[in-house]
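One file, my_file_5.txt, carrying compact mmCIF, C-alpha atoms (C1' of nucleotides):
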```
# COMPACT_ATOMS: atom_id res chain seq x y z
CA MET Q 129 87.19 105.36 81.54
CA ALA Q 130 85.71 101.89 81.89
CA SER Q 131 82.52 101.30 79.93
CA PHE Q 132 80.11 98.43 80.38
CA ILE Q 133 77.68 97.22 77.74
CA SER Q 134 75.55 94.16 76.97
CA THR Q 135 73.96 91.75 79.43
CA TYR Q 136 75.17 88.39 80.76
CA GLU Q 137 73.49 85.81 82.96
CA ASN Q 138 75.82 83.87 85.25
CA LYS Q 139 75.48 81.30 87.99
CA VAL Q 140 75.82 81.98 91.69
CA ASP Q 141 77.45 78.93 93.26
CA ARG Q 142 76.77 77.69 96.75
CA LYS Q 143 79.63 79.73 98.15
CA GLY Q 144 77.92 82.84 96.83
CA ARG Q 145 80.43 83.43 94.05
CA VAL Q 146 79.59 84.82 90.60
CA SER Q 147 81.85 85.29 87.62
CA VAL Q 148 82.01 88.89 86.52
CA PRO Q 149 81.66 88.80 82.71
CA ALA Q 150 85.07 88.78 81.05
CA ALA Q 151 84.11 91.83 78.99
CA TYR Q 152 83.53 93.84 82.17
CA ARG Q 153 86.79 92.68 83.66
CA ALA Q 154 88.56 93.76 80.50
CA ALA Q 155 86.96 97.18 80.83
CA LEU Q 156 88.42 97.44 84.34
CA GLY Q 157 91.76 96.03 83.25
CA THR Q 158 93.78 99.20 83.51
CA GLU Q 159 92.96 99.76 87.16
CA THR Q 160 95.49 98.75 89.77
CA TYR Q 161 92.98 97.26 92.16
CA GLN Q 162 91.31 94.16 90.75
CA GLY Q 163 87.74 94.18 91.89
CA VAL Q 164 84.52 96.16 91.88
CA ILE Q 165 82.53 98.47 94.13
CA ALA Q 166 78.89 97.53 94.67
CA TYR Q 167 75.92 99.06 96.48
CA PRO Q 168 72.14 98.65 96.43
CA SER Q 169 70.22 100.75 93.93
CA LEU Q 170 68.06 103.27 95.78
CA THR Q 171 65.31 103.11 93.21
CA GLU Q 172 65.30 99.55 91.89
CA PRO Q 173 65.72 95.99 93.21
CA ALA Q 174 69.20 95.75 91.76
CA ILE Q 175 72.88 96.06 92.68
CA GLU Q 176 74.92 98.91 91.20
CA GLY Q 177 78.58 98.37 90.37
CA PHE Q 178 81.67 100.10 89.01
CA GLY Q 179 85.43 100.04 89.28
CA ARG Q 180 87.56 100.99 92.20
CA GLY Q 181 89.21 103.74 90.20
CA THR Q 182 85.93 105.57 89.77
CA LEU Q 183 85.36 105.54 93.51
CA ASP Q 184 88.85 106.77 94.30
CA GLN Q 185 88.45 109.66 91.90
CA LEU Q 186 85.21 110.60 93.58
CA ILE Q 187 86.66 110.52 97.08
CA GLN Q 188 89.90 112.26 96.18
CA ARG Q 189 88.16 115.03 94.31
CA ARG Q 190 85.77 115.67 97.15
CA PHE Q 191 88.60 115.81 99.67
CA ASP Q 192 90.69 118.22 97.61
CA GLN Q 193 87.78 120.50 96.89
CA SER Q 194 86.84 120.80 100.50
CA LEU Q 195 90.38 121.55 101.63
CA ASP Q 196 91.27 123.90 98.79
CA GLY Q 197 88.16 125.86 99.53
CA GLY Q 198 89.23 126.09 103.14
CA ASP Q 199 86.03 124.33 104.09
CA PHE Q 200 87.05 121.84 106.73
CA THR Q 201 83.50 121.29 107.77
CA GLN Q 202 82.82 118.63 105.20
CA THR Q 203 86.09 116.86 105.85
CA LEU Q 204 85.63 116.76 109.58
CA VAL Q 205 81.91 116.54 110.01
CA GLY Q 206 80.53 115.63 106.59
CA LYS Q 207 77.16 117.14 105.81
CA SER Q 208 78.31 119.72 103.32
CA ASP Q 209 76.24 118.18 100.55
CA ASP Q 210 72.88 116.48 100.65
CA GLY Q 211 74.42 113.33 102.06
CA LEU Q 212 74.27 111.32 98.86
CA VAL Q 213 77.94 110.47 98.69
CA GLU Q 214 78.21 109.81 102.41
CA THR Q 215 75.30 107.41 102.28
CA ILE Q 216 76.52 105.57 99.23
CA MET Q 217 79.92 105.07 100.90
CA ALA Q 218 78.23 103.42 103.83
CA LEU Q 219 76.14 101.18 101.60
CA SER Q 220 79.02 100.20 99.32
CA SER Q 221 81.14 97.09 99.47
CA GLU Q 222 84.50 96.41 97.94
CA LEU Q 223 84.36 93.08 96.13
CA PRO Q 224 87.77 91.76 95.07
CA PHE Q 225 88.16 89.27 92.24
CA ASP Q 226 89.44 85.82 93.03
CA GLY Q 227 91.94 84.23 90.66
CA GLU Q 228 89.13 83.35 88.27
CA GLY Q 229 87.49 86.76 88.11
CA ARG Q 230 84.65 85.98 90.48
CA ILE Q 231 83.24 88.10 93.30
CA ILE Q 232 81.21 87.19 96.38
CA LEU Q 233 77.96 89.10 96.64
CA PRO Q 234 77.30 90.22 100.24
CA ALA Q 235 74.11 88.83 101.79
CA ARG Q 236 72.65 92.31 102.15
CA LEU Q 237 72.95 93.02 98.43
CA VAL Q 238 71.72 89.59 97.40
CA GLU Q 239 68.59 90.10 99.48
CA HIS Q 240 68.00 93.58 98.14
CA ALA Q 241 68.08 92.30 94.57
CA GLY Q 242 66.21 89.06 95.28
CA ILE Q 243 69.02 87.02 93.77
CA THR Q 244 69.14 83.28 94.45
CA ASP Q 245 71.18 81.03 92.16
CA ARG Q 246 71.53 83.17 89.04
CA ALA Q 247 72.46 86.78 88.38
CA THR Q 248 72.10 89.02 85.33
CA PHE Q 249 74.81 91.59 84.66
CA VAL Q 250 73.45 94.63 82.84
CA GLY Q 251 75.81 97.13 81.25
CA ARG Q 252 74.77 100.76 81.77
CA GLY Q 253 77.73 102.60 80.32
CA THR Q 254 79.94 103.95 83.09
CA ARG Q 255 78.48 101.49 85.58
CA PHE Q 256 76.63 98.19 85.53
CA GLN Q 257 73.85 96.53 87.46
CA ILE Q 258 73.25 93.04 88.80
CA TRP Q 259 69.67 91.73 88.83
CA ALA Q 260 67.77 88.59 89.62
CA PRO Q 261 67.17 87.27 86.06
CA ASP Q 262 63.38 87.09 86.21
CA ALA Q 263 63.09 90.50 87.85
CA TYR Q 264 65.27 92.01 85.17
CA GLU Q 265 63.32 90.38 82.39
CA LYS Q 266 60.12 91.99 83.61
CA HIS Q 267 61.82 95.29 84.27
CA GLN Q 268 63.32 95.36 80.82
CA ALA Q 269 60.03 94.49 79.15
CA VAL Q 270 58.39 97.47 80.83
CA GLU Q 271 61.34 99.71 80.07
CA VAL Q 272 61.35 98.79 76.38
CA ALA Q 273 57.58 98.99 76.06
CA ALA Q 274 57.59 102.47 77.55
CA LEU Q 275 60.30 103.62 75.20
CA ARG Q 276 58.59 102.08 72.20
CA ALA Q 277 55.29 103.71 73.07
CA ARG Q 278 56.94 107.06 73.48
CA LEU Q 279 58.83 106.82 70.19
CA ASN Q 280 55.84 105.57 68.25
CA GLY Q 281 53.57 108.10 69.86
CA GLY Q 282 55.96 110.89 69.00
CA ALA Q 283 56.34 109.72 65.39
CA ALA Q 284 52.77 108.79 64.63
CA MET N 1441 94.52 108.48 100.05
CA ALA N 1442 92.89 106.15 102.54
CA SER N 1443 89.26 105.51 101.69
CA PHE N 1444 86.70 103.87 103.93
CA ILE N 1445 83.57 102.24 102.56
CA SER N 1446 80.97 99.70 103.65
CA THR N 1447 79.69 99.03 107.16
CA TYR N 1448 80.74 96.39 109.68
CA GLU N 1449 79.31 95.47 113.05
CA ASN N 1450 81.87 94.23 115.59
CA LYS N 1451 81.81 93.23 119.22
CA VAL N 1452 83.13 95.29 122.09
CA ASP N 1453 84.61 92.87 124.62
CA ARG N 1454 84.59 93.39 128.36
CA LYS N 1455 87.98 95.05 128.21
CA GLY N 1456 86.54 97.68 125.91
CA ARG N 1457 88.36 96.45 122.83
CA VAL N 1458 86.91 96.48 119.29
CA SER N 1459 88.41 95.11 116.10
CA VAL N 1460 88.79 97.77 113.45
CA PRO N 1461 87.56 96.11 110.22
CA ALA N 1462 90.43 94.62 108.25
CA ALA N 1463 89.41 96.62 105.19
CA TYR N 1464 89.87 99.86 107.13
CA ARG N 1465 93.22 98.75 108.46
CA ALA N 1466 94.28 97.93 104.91
CA ALA N 1467 93.24 101.43 103.84
CA LEU N 1468 95.55 102.84 106.52
CA GLY N 1469 98.29 100.37 105.68
CA THR N 1470 100.77 102.76 104.14
CA GLU N 1471 100.81 105.08 107.13
CA THR N 1472 103.66 104.92 109.61
CA TYR N 1473 101.53 105.29 112.70
CA GLN N 1474 99.48 102.17 113.35
CA GLY N 1475 96.23 103.39 114.74
CA VAL N 1476 93.41 105.85 114.24
CA ILE N 1477 92.37 109.36 115.28
CA ALA N 1478 88.93 109.60 116.88
CA TYR N 1479 86.67 112.36 118.16
CA PRO N 1480 83.00 112.80 118.91
CA SER N 1481 80.75 113.89 116.06
CA LEU N 1482 79.42 117.37 116.75
CA THR N 1483 76.14 116.72 114.99
CA GLU N 1484 75.34 113.05 115.62
CA PRO N 1485 75.61 110.47 118.39
CA ALA N 1486 78.62 108.86 116.76
CA ILE N 1487 82.41 108.72 116.85
CA GLU N 1488 84.35 110.12 113.90
CA GLY N 1489 87.62 108.51 112.88
CA PHE N 1490 90.40 108.60 110.28
CA GLY N 1491 94.08 107.90 109.85
CA ARG N 1492 97.01 109.85 111.09
CA GLY N 1493 97.91 110.80 107.53
CA THR N 1494 94.61 112.53 106.96
CA LEU N 1495 95.04 114.53 110.13
CA ASP N 1496 98.51 115.61 109.08
CA GLN N 1497 97.25 116.71 105.67
CA LEU N 1498 94.49 118.66 107.31
CA ILE N 1499 96.84 120.46 109.65
CA GLN N 1500 99.43 121.10 106.96
CA ARG N 1501 96.91 122.47 104.52
CA ARG N 1502 95.42 124.75 107.12
CA PHE N 1503 98.89 126.02 108.03
CA ASP N 1504 99.74 126.69 104.39
CA GLN N 1505 96.54 128.57 103.82
CA SER N 1506 97.05 130.79 106.80
CA LEU N 1507 100.57 131.66 105.70
CA ASP N 1508 99.60 132.27 102.08
CA GLY N 1509 96.92 134.59 103.25
CA GLY N 1510 99.42 136.48 105.41
CA ASP N 1511 97.27 135.73 108.39
CA PHE N 1512 99.78 135.00 111.11
CA THR N 1513 97.23 135.51 113.78
CA GLN N 1514 95.91 132.02 113.40
CA THR N 1515 99.37 130.46 113.33
CA LEU N 1516 100.53 132.24 116.43
CA VAL N 1517 97.42 132.58 118.53
CA GLY N 1518 94.93 130.25 116.85
CA LYS N 1519 91.26 131.12 116.69
CA SER N 1520 91.30 132.91 113.38
CA ASP N 1521 88.57 130.73 111.97
CA ASP N 1522 85.36 129.65 113.57
CA GLY N 1523 87.24 127.37 115.89
CA LEU N 1524 86.16 124.13 114.26
CA VAL N 1525 89.60 122.70 113.65
CA GLU N 1526 90.95 123.91 117.01
CA THR N 1527 88.06 122.33 118.83
CA ILE N 1528 88.30 119.03 116.97
CA MET N 1529 92.00 118.80 117.74
CA ALA N 1530 91.29 119.17 121.40
CA LEU N 1531 88.57 116.55 121.34
CA SER N 1532 90.61 114.02 119.39
CA SER N 1533 92.28 110.91 120.74
CA GLU N 1534 94.99 108.77 119.22
CA LEU N 1535 93.96 105.13 119.42
CA PRO N 1536 96.78 102.67 118.67
CA PHE N 1537 96.12 99.16 117.37
CA ASP N 1538 97.01 96.18 119.49
CA GLY N 1539 98.62 93.15 117.82
CA GLU N 1540 95.25 92.00 116.49
CA GLY N 1541 94.15 95.32 115.01
CA ARG N 1542 91.88 96.31 117.87
CA ILE N 1543 91.49 99.69 119.55
CA ILE N 1544 90.14 100.73 122.93
CA LEU N 1545 87.41 103.33 122.75
CA PRO N 1546 87.78 106.04 125.41
CA ALA N 1547 84.93 106.19 127.90
CA ARG N 1548 83.95 109.69 126.81
CA LEU N 1549 83.47 108.60 123.20
CA VAL N 1550 81.63 105.42 124.13
CA GLU N 1551 79.18 107.44 126.19
CA HIS N 1552 78.72 110.03 123.48
CA ALA N 1553 77.76 107.33 120.98
CA GLY N 1554 75.74 105.25 123.40
CA ILE N 1555 77.81 102.17 122.61
CA THR N 1556 77.58 99.17 124.91
CA ASP N 1557 78.66 95.74 123.67
CA ARG N 1558 78.53 96.19 119.91
CA ALA N 1559 79.77 98.86 117.52
CA THR N 1560 78.98 99.59 113.87
CA PHE N 1561 81.79 100.95 111.70
CA VAL N 1562 80.42 103.12 108.90
CA GLY N 1563 82.61 104.10 105.93
CA ARG N 1564 82.19 107.72 104.82
CA GLY N 1565 84.91 108.00 102.20
CA THR N 1566 87.86 109.90 103.65
CA ARG N 1567 86.77 109.12 107.21
CA PHE N 1568 84.57 106.65 109.06
CA GLN N 1569 82.15 106.67 111.95
CA ILE N 1570 81.46 104.34 114.86
CA TRP N 1571 77.84 104.01 116.02
CA ALA N 1572 75.77 102.02 118.44
CA PRO N 1573 74.19 99.47 116.05
CA ASP N 1574 70.54 100.23 116.80
CA ALA N 1575 71.08 103.98 116.66
CA TYR N 1576 72.79 103.66 113.30
CA GLU N 1577 70.09 101.45 111.90
CA LYS N 1578 67.48 104.10 112.63
CA HIS N 1579 69.70 106.87 111.36
CA GLN N 1580 70.42 105.06 108.13
CA ALA N 1581 66.77 104.27 107.51
CA VAL N 1582 65.95 107.98 107.67
CA GLU N 1583 68.94 108.90 105.55
CA VAL N 1584 68.07 106.39 102.83
CA ALA N 1585 64.38 107.24 102.85
CA ALA N 1586 65.19 110.90 102.29
CA LEU N 1587 67.49 110.12 99.40
CA ARG N 1588 65.03 107.73 97.84
CA ALA N 1589 62.26 110.27 98.04
CA ARG N 1590 64.45 112.88 96.41
CA LEU N 1591 65.59 110.55 93.62
CA ASN N 1592 62.08 109.37 92.86
CA GLY N 1593 60.71 112.87 93.07
CA GLY N 1594 63.39 114.18 90.72
CA ALA N 1595 62.80 111.40 88.21
CA ALA N 1596 59.00 111.59 88.16
C1' DT G 229 98.01 95.65 146.06
C1' DT G 230 94.76 97.06 142.91
C1' DG G 231 93.57 98.49 138.67
C1' DA G 232 94.37 99.63 133.84
C1' DC G 233 96.69 98.57 129.94
C1' DT G 234 99.91 95.94 126.78
C1' DC G 235 101.56 91.87 124.86
C1' DC G 236 100.95 87.09 123.77
C1' DC G 237 98.55 82.90 122.56
C1' DA G 238 94.29 80.07 121.30
C1' DT G 239 90.21 79.18 118.42
C1' DA G 240 86.17 79.08 115.34
C1' DA G 241 84.43 80.87 111.32
C1' DT G 242 85.06 83.00 107.26
C1' DT G 243 87.50 84.13 103.30
C1' DA G 244 91.16 83.91 99.83
C1' DC G 245 94.01 81.01 97.04
C1' DC G 246 94.89 77.00 94.36
C1' DC G 247 93.92 73.44 90.96
C1' DA G 248 90.60 70.81 87.97
C1' DT G 249 86.91 70.39 84.44
C1' DG G 250 83.67 70.99 80.52
C1' DA G 251 82.06 74.02 77.25
C1' DT G 252 82.59 77.50 74.00
C1' DA G 253 84.96 80.33 71.05
C1' DT G 254 89.21 81.33 68.42
C1' DC G 255 93.09 80.42 65.75
C1' DC G 256 95.92 78.22 62.39
C1' DC G 257 97.17 75.68 58.59
C1' DA G 258 96.53 72.53 55.04
C1' DT H 889 86.98 76.61 53.63
C1' DG H 890 87.14 72.80 56.67
C1' DG H 891 88.44 70.95 60.88
C1' DG H 892 91.51 69.88 64.38
C1' DA H 893 94.39 72.15 67.90
C1' DT H 894 94.49 75.90 71.26
C1' DA H 895 93.01 79.51 74.21
C1' DT H 896 89.51 81.48 77.10
C1' DC H 897 85.72 81.30 79.97
C1' DA H 898 82.42 79.93 83.49
C1' DT H 899 82.04 76.72 87.02
C1' DG H 900 83.15 73.47 90.97
C1' DG H 901 85.56 72.10 95.11
C1' DG H 902 89.58 71.44 98.57
C1' DT H 903 92.97 73.59 101.46
C1' DA H 904 95.56 77.23 103.56
C1' DA H 905 95.54 81.89 105.40
C1' DT H 906 93.07 85.72 107.65
C1' DT H 907 89.75 87.65 110.63
C1' DA H 908 87.22 88.55 114.68
C1' DT H 909 87.05 87.26 119.23
C1' DG H 910 88.30 85.43 123.82
C1' DG H 911 91.28 85.05 127.77
C1' DG H 912 95.79 84.85 130.57
C1' DA H 913 100.26 86.57 132.00
C1' DG H 914 103.24 90.33 132.51
C1' DT H 915 104.07 95.61 133.33
C1' DC H 916 103.62 100.07 134.86
C1' DA H 917 101.72 103.51 137.85
C1' DA H 918 99.11 105.15 141.58
```
Once you've parsed the file, please lay out its structure as structure tokens.
Amino acid sequence: MASFISTYENKVDRKGRVSVPAAYRAALGTETYQGVIAYPSLTEPAIEGFGRGTLDQLIQRRFDQSLDGGDFTQTLVGKSDDGLVETIMALSSELPFDGEGRIILPARLVEHAGITDRATFVGRGTRFQIWAPDAYEKHQAVEVAALRARLNGGAA
Amino acid sequence: MASFISTYENKVDRKGRVSVPAAYRAALGTETYQGVIAYPSLTEPAIEGFGRGTLDQLIQRRFDQSLDGGDFTQTLVGKSDDGLVETIMALSSELPFDGEGRIILPARLVEHAGITDRATFVGRGTRFQIWAPDAYEKHQAVEVAALRARLNGGAA
DNA sequence: TTGACTCCCATAATTACCCATGATATCCCA
DNA sequence: TGGGATATCATGGGTAATTATGGGAGTCAA
């Protein structure tokens, strides 16, 4: 399974391209399809991303489960769960690498994250996020402060 | 397995033709039949669609299950389940691609979805939907708001 | 003949592919 | 342990291919 760690800040050129950090590409290296899946975070002004393989597993498993169970409802009409997967599929984009390991961020996602000419890649383990650098800086400060307070409060 | 993600808004010309997004056509690429299966959604004002291969799997799997269960009633006379699959089969149309990857939406389906001169293709994983753009926009807003509320509520 | 549909061609915009560059990091060998 | 040679990476831009879209001519059936 691909795992993403560390953060990188890269440039978005005027064609809308960004280099995906080499370390992330290496993590995806075993997958046949060279590219990433991206969709807007539902809770934060950021873009969520992971490999194509992860998505395929998700879709395949859902399909098999519904058919093996004899439940054709989900396959034909959807709606057998709370709609989370269905919605994410609609919001997702497949972003293929160019020869240099770059992707083009769709306008919709760029706007959602408030990205202009720079983008911060944030490793989150099985997936990663893409933020506008200044937004991420603030977000991270809050995140760390909250954690620190909780740990100190618990200890002292 | 063909997988459909992301959303695309395309024009319906005055001959009733719409381009199926290239990404969807690529997802169907391995299949022998060049075209899609479409039927009206039973729960929403939208058209449901997928590839011929998915339909075949669905039918095959249903056949196998009925034989394994020793239930020949369904195989011979149909109607052994709630009628969902039978009904969908009847409502379905085979829509072949023209040379440019376009399909013609049957009048019945166009009316059901309220489509006029534009159509939004919505990826749902193993299948996709076709909506009237404004109707989908409203639908998606509700869908996302519900998810967001649930995610925030669960976290806090 | 009229209409509906299929096949074919044209076009503008977008996207993918190719090569080039500077900077950084890595390697290798004395 | 230096320090030059070599990869690798992020970045930039030009060109070719693809996509979505439009319309015309030909075909079949009523």
Produce a table with one row for each residue of chain Q that has an atom at most 6 Å from any atom of chain N, each row naming the nearest atom pair and its distance in Å at one decimal; use only C-alpha atoms; arrange rows by chain and rising residue number; format as a Markdown table.
```
| residue | atom | partner | partner_atom | distance |
| --- | --- | --- | --- | --- |
| Q:Leu170 | CA | N:Arg1588 | CA | 5.8 |
| Q:Ile187 | CA | N:Gly1565 | CA | 6.0 |
| Q:Glu214 | CA | N:Arg1564 | CA | 5.1 |
| Q:Met217 | CA | N:Ile1445 | CA | 4.9 |
| Q:Ala218 | CA | N:Ser1446 | CA | 4.6 |
| Q:Leu219 | CA | N:Ser1446 | CA | 5.5 |
| Q:Ser220 | CA | N:Ser1446 | CA | 4.8 |
| Q:Ser221 | CA | N:Ser1446 | CA | 4.9 |
```
Kindly determine which residues of chain N lie within 10 Å of chain G, considering only C-alpha atoms (C1' of nucleotides), and give the answer as a PyMOL selection string.
chain N and resi 1455+1538-1539+1544
Closest contacts (chain H/chain N, max 10 Å, only C-alpha atoms (C1' of nucleotides)) as JSON lines:
```
{"residue": "H:DT906", "atom": "C1'", "partner": "N:Ala1462", "partner_atom": "CA", "distance": 9.3}
{"residue": "H:DT907", "atom": "C1'", "partner": "N:Ala1462", "partner_atom": "CA", "distance": 7.4}
{"residue": "H:DA908", "atom": "C1'", "partner": "N:Ser1459", "partner_atom": "CA", "distance": 6.8}
{"residue": "H:DT909", "atom": "C1'", "partner": "N:Lys1451", "partner_atom": "CA", "distance": 7.9}
{"residue": "H:DG910", "atom": "C1'", "partner": "N:Asp1453", "partner_atom": "CA", "distance": 8.3}
```
Chain Q onto chain N, all Cα, least squares, as a CSV table (one decimal) with C-alpha atoms, in the frame of the given file:
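Writing the result to selection08.csv gives the following:
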```
chain,number,residue,atom,x,y,z
Q,129,MET,CA,94.1,108.6,99.9
Q,130,ALA,CA,92.5,106.1,102.2
Q,131,SER,CA,88.9,105.2,101.3
Q,132,PHE,CA,86.4,103.5,103.6
Q,133,ILE,CA,83.3,101.6,102.3
Q,134,SER,CA,80.8,99.0,103.6
Q,135,THR,CA,79.7,98.5,107.2
Q,136,TYR,CA,80.8,96.0,109.8
Q,137,GLU,CA,79.5,95.2,113.3
Q,138,ASN,CA,82.1,94.2,115.8
Q,139,LYS,CA,82.2,93.4,119.5
Q,140,VAL,CA,83.5,95.7,122.2
Q,141,ASP,CA,85.1,93.5,124.8
Q,142,ARG,CA,85.2,94.3,128.5
Q,143,LYS,CA,88.5,96.1,128.2
Q,144,GLY,CA,86.8,98.5,125.8
Q,145,ARG,CA,88.6,97.2,122.7
Q,146,VAL,CA,87.1,96.9,119.3
Q,147,SER,CA,88.6,95.4,116.1
Q,148,VAL,CA,88.9,97.9,113.3
Q,149,PRO,CA,87.6,96.1,110.2
Q,150,ALA,CA,90.5,94.6,108.3
Q,151,ALA,CA,89.4,96.4,105.1
Q,152,TYR,CA,89.7,99.8,106.9
Q,153,ARG,CA,93.1,98.9,108.2
Q,154,ALA,CA,94.2,97.9,104.7
Q,155,ALA,CA,93.0,101.3,103.5
Q,156,LEU,CA,95.3,102.9,106.1
Q,157,GLY,CA,98.1,100.6,105.4
Q,158,THR,CA,100.4,103.0,103.7
Q,159,GLU,CA,100.5,105.4,106.6
Q,160,THR,CA,103.5,105.3,108.9
Q,161,TYR,CA,101.5,105.7,112.1
Q,162,GLN,CA,99.3,102.7,112.8
Q,163,GLY,CA,96.1,103.9,114.3
Q,164,VAL,CA,93.1,106.2,113.8
Q,165,ILE,CA,91.9,109.7,114.8
Q,166,ALA,CA,88.5,109.8,116.3
Q,167,TYR,CA,86.1,112.6,117.5
Q,168,PRO,CA,82.4,112.9,118.3
Q,169,SER,CA,80.2,113.9,115.4
Q,170,LEU,CA,78.7,117.3,116.0
Q,171,THR,CA,75.4,116.5,114.3
Q,172,GLU,CA,74.8,112.8,115.1
Q,173,PRO,CA,75.2,110.3,117.9
Q,174,ALA,CA,78.2,108.7,116.3
Q,175,ILE,CA,82.0,108.7,116.3
Q,176,GLU,CA,83.9,110.1,113.3
Q,177,GLY,CA,87.2,108.5,112.3
Q,178,PHE,CA,90.1,108.8,109.8
Q,179,GLY,CA,93.8,108.1,109.4
Q,180,ARG,CA,96.6,109.9,111.1
Q,181,GLY,CA,97.9,111.0,107.7
Q,182,THR,CA,94.8,113.0,106.9
Q,183,LEU,CA,95.1,114.9,110.2
Q,184,ASP,CA,98.8,115.6,109.7
Q,185,GLN,CA,98.1,117.0,106.3
Q,186,LEU,CA,95.4,119.3,107.7
Q,187,ILE,CA,97.7,120.6,110.5
Q,188,GLN,CA,100.7,121.0,108.3
Q,189,ARG,CA,98.8,122.8,105.6
Q,190,ARG,CA,97.2,125.2,108.0
Q,191,PHE,CA,100.6,126.0,109.6
Q,192,ASP,CA,102.3,126.7,106.3
Q,193,GLN,CA,99.5,128.8,105.0
Q,194,SER,CA,99.5,131.0,108.1
Q,195,LEU,CA,103.3,131.5,108.1
Q,196,ASP,CA,103.7,132.0,104.3
Q,197,GLY,CA,101.0,134.6,104.5
Q,198,GLY,CA,102.9,136.4,107.2
Q,199,ASP,CA,99.8,135.9,109.4
Q,200,PHE,CA,101.2,134.9,112.8
Q,201,THR,CA,98.0,135.6,114.5
Q,202,GLN,CA,96.5,132.2,113.8
Q,203,THR,CA,99.7,130.4,114.7
Q,204,LEU,CA,100.1,132.2,118.0
Q,205,VAL,CA,96.6,132.9,119.1
Q,206,GLY,CA,94.4,130.7,116.9
Q,207,LYS,CA,91.0,132.3,116.0
Q,208,SER,CA,91.8,133.1,112.3
Q,209,ASP,CA,89.0,130.8,111.1
Q,210,ASP,CA,85.6,130.1,112.6
Q,211,GLY,CA,87.2,127.7,115.2
Q,212,LEU,CA,86.1,124.5,113.5
Q,213,VAL,CA,89.6,123.0,113.2
Q,214,GLU,CA,90.6,124.2,116.7
Q,215,THR,CA,87.6,122.6,118.2
Q,216,ILE,CA,87.9,119.3,116.4
Q,217,MET,CA,91.5,119.1,117.5
Q,218,ALA,CA,90.4,119.4,121.1
Q,219,LEU,CA,87.7,116.8,120.7
Q,220,SER,CA,89.9,114.3,118.8
Q,221,SER,CA,91.7,111.3,120.2
Q,222,GLU,CA,94.6,109.4,118.8
Q,223,LEU,CA,93.7,105.7,118.9
Q,224,PRO,CA,96.7,103.4,118.2
Q,225,PHE,CA,96.2,99.8,117.0
Q,226,ASP,CA,97.3,97.0,119.2
Q,227,GLY,CA,99.0,94.0,117.7
Q,228,GLU,CA,95.7,92.7,116.5
Q,229,GLY,CA,94.4,95.8,114.9
Q,230,ARG,CA,92.1,96.8,117.8
Q,231,ILE,CA,91.6,100.3,119.3
Q,232,ILE,CA,90.2,101.4,122.7
Q,233,LEU,CA,87.3,103.7,122.4
Q,234,PRO,CA,87.6,106.6,125.0
Q,235,ALA,CA,84.7,106.7,127.5
Q,236,ARG,CA,83.7,110.2,126.3
Q,237,LEU,CA,83.2,108.9,122.7
Q,238,VAL,CA,81.5,105.7,123.8
Q,239,GLU,CA,79.0,107.8,125.8
Q,240,HIS,CA,78.4,110.2,123.0
Q,241,ALA,CA,77.5,107.4,120.6
Q,242,GLY,CA,75.6,105.3,123.1
Q,243,ILE,CA,77.8,102.3,122.5
Q,244,THR,CA,77.7,99.4,124.9
Q,245,ASP,CA,79.0,96.0,123.8
Q,246,ARG,CA,78.8,96.2,120.0
Q,247,ALA,CA,79.9,98.8,117.5
Q,248,THR,CA,79.0,99.3,113.8
Q,249,PHE,CA,81.7,100.7,111.5
Q,250,VAL,CA,80.2,102.7,108.6
Q,251,GLY,CA,82.3,103.6,105.7
Q,252,ARG,CA,81.7,107.1,104.4
Q,253,GLY,CA,84.4,107.5,101.8
Q,254,THR,CA,87.3,109.5,103.1
Q,255,ARG,CA,86.3,108.9,106.7
Q,256,PHE,CA,84.2,106.4,108.6
Q,257,GLN,CA,81.8,106.4,111.5
Q,258,ILE,CA,81.2,104.2,114.5
Q,259,TRP,CA,77.7,103.8,115.8
Q,260,ALA,CA,75.7,101.9,118.4
Q,261,PRO,CA,74.2,99.1,116.1
Q,262,ASP,CA,70.6,99.8,116.9
Q,263,ALA,CA,71.0,103.5,116.6
Q,264,TYR,CA,72.6,103.1,113.2
Q,265,GLU,CA,69.9,100.8,112.0
Q,266,LYS,CA,67.2,103.3,112.7
Q,267,HIS,CA,69.3,106.1,111.3
Q,268,GLN,CA,70.0,104.3,108.2
Q,269,ALA,CA,66.3,103.3,107.7
Q,270,VAL,CA,65.4,107.0,107.9
Q,271,GLU,CA,68.2,108.0,105.6
Q,272,VAL,CA,67.3,105.4,103.0
Q,273,ALA,CA,63.6,106.2,103.2
Q,274,ALA,CA,64.3,109.8,102.7
Q,275,LEU,CA,66.4,109.2,99.7
Q,276,ARG,CA,64.0,106.7,98.2
Q,277,ALA,CA,61.1,109.2,98.6
Q,278,ARG,CA,63.1,111.9,97.0
Q,279,LEU,CA,64.1,109.8,94.0
Q,280,ASN,CA,60.7,108.3,93.5
Q,281,GLY,CA,59.1,111.7,93.9
Q,282,GLY,CA,61.4,113.2,91.4
Q,283,ALA,CA,60.9,110.4,88.9
Q,284,ALA,CA,57.1,109.9,89.3
```
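Taking only C-alpha atoms (C1' of nucleotides) into account, the polymer residues that have an atom no farther than 12 Å from (70.3, 102.4, 115.5) are Glu1449, Glu1484, Pro1485, Ala1486, Ala1553, Gly1554, Ile1555, Arg1558, Ala1559, Thr1560, Ile1570, Trp1571, Ala1572, Pro1573, Asp1574, Ala1575, Tyr1576, Glu1577, Lys1578, His1579, Gln1580, Ala1581, Val1582 and Glu1583 of chain N.
Atom pair atom CA of Asp1557 of chain N / atom CA of Pro1536 of chain N has a distance of 20.0 Å (rounded to one decimal).
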One decimal, Å: what's the distance from atom CA of Leu1535 of chain N over to atom CA of Gly1493 of chain N, could you say?
13.8 Å
Can you work out the spacing between atom CA of Gln162 of chain Q and atom C1' of DG901 of chain H in Å, to one decimal?
23.2 Å
